[in-house]
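Before any comments, here is the structure.
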Amino acid sequence: MRKIALILMGSLTMMVIVACGRTSSSTNSMTSSLSSTQQTRDDTALNAERLTPEQTAALVLYYRDAHMPGANDYDYSADMENNDQGATVKIYDKEVVPWGEGPSAKTYPKGAKVLYTIKLTSESDEDGDRLNSTYYTIVENKVYYANSSNGIRKTGVTLAEMVTYAKTHGEVNRVLKVAKNTQIIDMRGKVTLTDKDGLTTQQLGTLVALLKNPDWFKNEVQNGEMYYGTHYGYGEVADYQYVTTQGDPTSYIWFKRKGNDITIKMIEPTENQSVAGALMTTTHTTVTNLINNYYTSEDQQDEVNTYVDQLKAEP
């Protein structure tokens, strides 16, 4: 009897082990099947013939990151996987791209008319290991994107090639995830450059305001009350550009650029003066000084351009 009992117990144990093995195998198979199904859906959703502008921008960012020097050692596009990741895409006339937004060498391909920029909305702290922004132009059916030297690649890539690459490497989800939360801002016709270096009225006005009255400027930008203008039209500052909160004359900072020199005019009453009795003061600075102090590091550029995006054109 004891032998029979031992045999029965051994049989039951083997049945349990086999059953567990089948369950584990079934679960793994189901998980693999679900993953494969999701990948198939993603691949179908990213179609080179039906790309949305948002998908195109996210695809270019992914593809560019994967083909930069060092891509074999670093996952430059890893931040595309961040929770709720998205991006901002801006469209510029190629001749009117703000300083720092596009290529320093204007080597556009023949036929290029606009420049697209894309920047992820959230970034990790992995400095140097992530490339979260780029620019590109599209001519006919080819994309020409940023190279590693602040210019534009001479050789274009078709969107079909980019889609195939993303699918082959199993990264379609990165592209779709970012595209889903991407906003597009058309800046064509809204940008005025102050010189050939590409600084816009908004950028230069921001830099001047950070020099002359940073607390006032930042506070009014935050309140949504800061405006800019490209031509004042009256008096001794008739041909000056300006930033203002549209209040009395003390709410204006006028500036005029000539080469590297910037003339700044303001109404600054003393403690016992009225606004009407105050004289206009004139000071000078240089573009070089402003850039060196407020627009050199990536963090400084991001801060300035965040203010720039919130300035309103004076009606």
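Identifiers in the structure tokens: chain A, B, ... in order shown; residue index from 1 per chain; ligand index from 1 in order shown.
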
Self-check item: Distance query stretch 195-208 of chain A at most 6 Å, only C-alpha atoms, self and fewer than 3 positions along chain excluded, as number ranges by chain
Solution: A: 98-99, 192, 211, 308

Quiz item: Given the choices A:Pro269, A:Pro53, A:Gly111, A:Pro315, which gets closest to A:Lys94 if the distance is worked out from only C-alpha atoms?
Solution: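 When distances to A:Lys94 are compared using only C-alpha atoms, the smallest one comes from A:Gly111.
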
Exercise. Check the DSSP output for the backbone and give back, as a PyMOL selection string, the residues of stretch 27-224 of chain A in helix (DSSP H, G or I).
Key: chain A and resi 27-45+53-66+78-81+159-168+172-180+201-212+214-222

Quiz item: What does the distance between atom CA of A:Pro103 and atom CA of A:Tyr227 come to in Å, to one decimal place?
Solution: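 Between these atoms lies a distance of 27.8 Å.
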
Self-check item: Residue with smallest distance to A:Glu49 - pool A:Met162, A:Val237, A:Ala276, A:Ile253, counting only C-alpha atoms
Solution: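 Checking each candidate against A:Glu49, we get A:Met162 as the closest.
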
Quiz item: Which residues, written as a ChimeraX atom specification, have at least one atom at most 12 Å from A:Ser122, with only C-alpha atoms counted and residues fewer than 5 positions away on the same chain left out?
Solution: /A:78-88,130-133,178,181-182

Self-check item: Test item: residues at most 8 Å from A:Ala57, only C-alpha atoms, excluding those fewer than 5 positions along its chain, as a PyMOL selection string
Solution: chain A and resi 89+118+179

Include N, CA and C atoms and write out the residues we just selected as a PDB file, in the first residue's frame.
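File written: selection.pdb
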ATOM      1  N   VAL A  89       6.577  71.676 -33.183  1.00  0.00           N
ATOM      2  CA  VAL A  89       7.129  71.842 -34.526  1.00  0.00           C
ATOM      3  C   VAL A  89       6.825  73.262 -34.985  1.00  0.00           C
ATOM      4  N   ILE A 118      11.852  70.814 -34.846  1.00  0.00           N
ATOM      5  CA  ILE A 118      11.107  70.000 -33.886  1.00  0.00           C
ATOM      6  C   ILE A 118      11.916  69.894 -32.611  1.00  0.00           C
ATOM      7  N   ALA A 179       4.286  61.811 -32.015  1.00  0.00           N
ATOM      8  CA  ALA A 179       3.388  62.462 -32.978  1.00  0.00           C
ATOM      9  C   ALA A 179       2.018  62.739 -32.370  1.00  0.00           C
TER      10      ALA A 179
END

Quiz item: So which one's closest to A:Ser148, A:His67, A:Lys110, A:Arg50, A:Arg174? Using only C-alpha atoms, please.
Solution: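 Nearest candidate to A:Ser148 out of A:His67, A:Lys110, A:Arg50, A:Arg174: A:His67.
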
Quiz item: Could you name the residues that touch stretch 137-147 of chain A at 7 Å or less, counting only C-alpha atoms, but leaving out those on the same chain fewer than 3 positions away, as a VMD selection string?
Solution: chain A and resid 111 to 112 114 to 116 134 150 to 153 155 to 159

Suppose we keep all heavy atoms; can you now write the selection as a short mmCIF file (atom, residue, chain, number, x, y, z; two decimals), in the first residue's frame?
data_model
loop_
_atom_site.label_atom_id
_atom_site.label_comp_id
_atom_site.auth_asym_id
_atom_site.auth_seq_id
_atom_site.Cartn_x
_atom_site.Cartn_y
_atom_site.Cartn_z
N GLY A 111 15.55 74.41 -54.33
CA GLY A 111 14.11 74.21 -54.29
C GLY A 111 13.51 74.30 -52.91
O GLY A 111 12.29 74.31 -52.75
N ALA A 112 14.36 74.38 -51.87
CA ALA A 112 13.85 74.48 -50.49
C ALA A 112 13.18 75.83 -50.26
O ALA A 112 13.71 76.87 -50.68
CB ALA A 112 14.98 74.27 -49.50
N VAL A 114 10.93 76.23 -47.08
CA VAL A 114 10.65 76.38 -45.65
C VAL A 114 11.60 75.51 -44.84
O VAL A 114 12.19 74.56 -45.36
CB VAL A 114 9.19 76.00 -45.30
CG1 VAL A 114 8.22 76.86 -46.05
CG2 VAL A 114 8.94 74.53 -45.56
N LEU A 115 11.74 75.86 -43.57
CA LEU A 115 12.50 75.05 -42.62
C LEU A 115 11.58 74.64 -41.49
O LEU A 115 10.83 75.46 -40.94
CB LEU A 115 13.68 75.83 -42.05
CG LEU A 115 14.59 74.99 -41.14
CD1 LEU A 115 15.53 74.12 -41.98
CD2 LEU A 115 15.40 75.87 -40.19
N TYR A 116 11.62 73.36 -41.14
CA TYR A 116 10.86 72.83 -40.02
C TYR A 116 11.80 72.60 -38.85
O TYR A 116 12.92 72.10 -39.03
CB TYR A 116 10.21 71.50 -40.38
CG TYR A 116 9.28 71.53 -41.57
CD1 TYR A 116 9.78 71.40 -42.87
CD2 TYR A 116 7.90 71.69 -41.41
CE1 TYR A 116 8.94 71.41 -43.97
CE2 TYR A 116 7.05 71.71 -42.50
CZ TYR A 116 7.58 71.57 -43.78
OH TYR A 116 6.73 71.60 -44.87
N THR A 134 15.83 68.92 -33.72
CA THR A 134 16.51 68.99 -35.00
C THR A 134 15.74 69.93 -35.93
O THR A 134 14.71 70.48 -35.55
CB THR A 134 16.65 67.59 -35.65
OG1 THR A 134 17.57 67.68 -36.75
CG2 THR A 134 15.32 67.06 -36.16
N ASN A 150 26.11 71.70 -37.74
CA ASN A 150 25.21 72.86 -37.76
C ASN A 150 24.81 73.28 -39.16
O ASN A 150 24.50 74.45 -39.39
CB ASN A 150 25.84 74.05 -37.03
CG ASN A 150 25.20 74.28 -35.68
OD1 ASN A 150 24.29 73.57 -35.30
ND2 ASN A 150 25.68 75.28 -34.97
N GLY A 151 24.82 72.34 -40.06
CA GLY A 151 24.37 72.61 -41.42
C GLY A 151 23.25 71.66 -41.79
O GLY A 151 22.55 71.13 -40.94
N ILE A 152 23.07 71.44 -43.09
CA ILE A 152 22.05 70.52 -43.59
C ILE A 152 22.72 69.50 -44.50
O ILE A 152 23.58 69.85 -45.32
CB ILE A 152 20.96 71.28 -44.37
CG1 ILE A 152 20.21 72.24 -43.43
CG2 ILE A 152 19.98 70.33 -45.03
CD1 ILE A 152 19.12 73.04 -44.12
N ARG A 153 22.35 68.26 -44.35
CA ARG A 153 22.92 67.21 -45.19
C ARG A 153 22.68 67.49 -46.67
O ARG A 153 21.61 67.97 -47.06
CB ARG A 153 22.28 65.86 -44.84
CG ARG A 153 22.84 65.21 -43.60
CD ARG A 153 22.02 64.00 -43.21
NE ARG A 153 21.80 63.11 -44.35
CZ ARG A 153 22.59 62.09 -44.69
NH1 ARG A 153 23.65 61.83 -43.96
NH2 ARG A 153 22.30 61.32 -45.73
N THR A 155 22.66 65.15 -48.94
CA THR A 155 21.91 64.02 -49.51
C THR A 155 20.57 63.86 -48.80
O THR A 155 20.52 63.79 -47.57
CB THR A 155 22.72 62.72 -49.38
OG1 THR A 155 24.00 62.90 -49.98
CG2 THR A 155 22.00 61.57 -50.06
N GLY A 156 19.51 63.79 -49.55
CA GLY A 156 18.19 63.63 -48.96
C GLY A 156 17.80 62.17 -48.79
O GLY A 156 18.40 61.27 -49.39
N VAL A 157 16.80 61.95 -47.93
CA VAL A 157 16.29 60.61 -47.66
C VAL A 157 14.78 60.64 -47.87
O VAL A 157 14.10 61.59 -47.44
CB VAL A 157 16.60 60.16 -46.22
CG1 VAL A 157 16.11 58.73 -45.97
CG2 VAL A 157 18.09 60.27 -45.92
N THR A 158 14.23 59.63 -48.52
CA THR A 158 12.78 59.61 -48.72
C THR A 158 12.07 59.21 -47.44
O THR A 158 12.64 58.51 -46.59
CB THR A 158 12.39 58.63 -49.84
OG1 THR A 158 12.67 57.29 -49.41
CG2 THR A 158 13.12 58.94 -51.13
N LEU A 159 10.84 59.63 -47.31
CA LEU A 159 10.05 59.24 -46.15
C LEU A 159 9.83 57.74 -46.12
O LEU A 159 9.76 57.12 -45.05
CB LEU A 159 8.72 59.99 -46.15
CG LEU A 159 8.82 61.50 -45.89
CD1 LEU A 159 7.47 62.18 -46.14
CD2 LEU A 159 9.27 61.77 -44.46
#
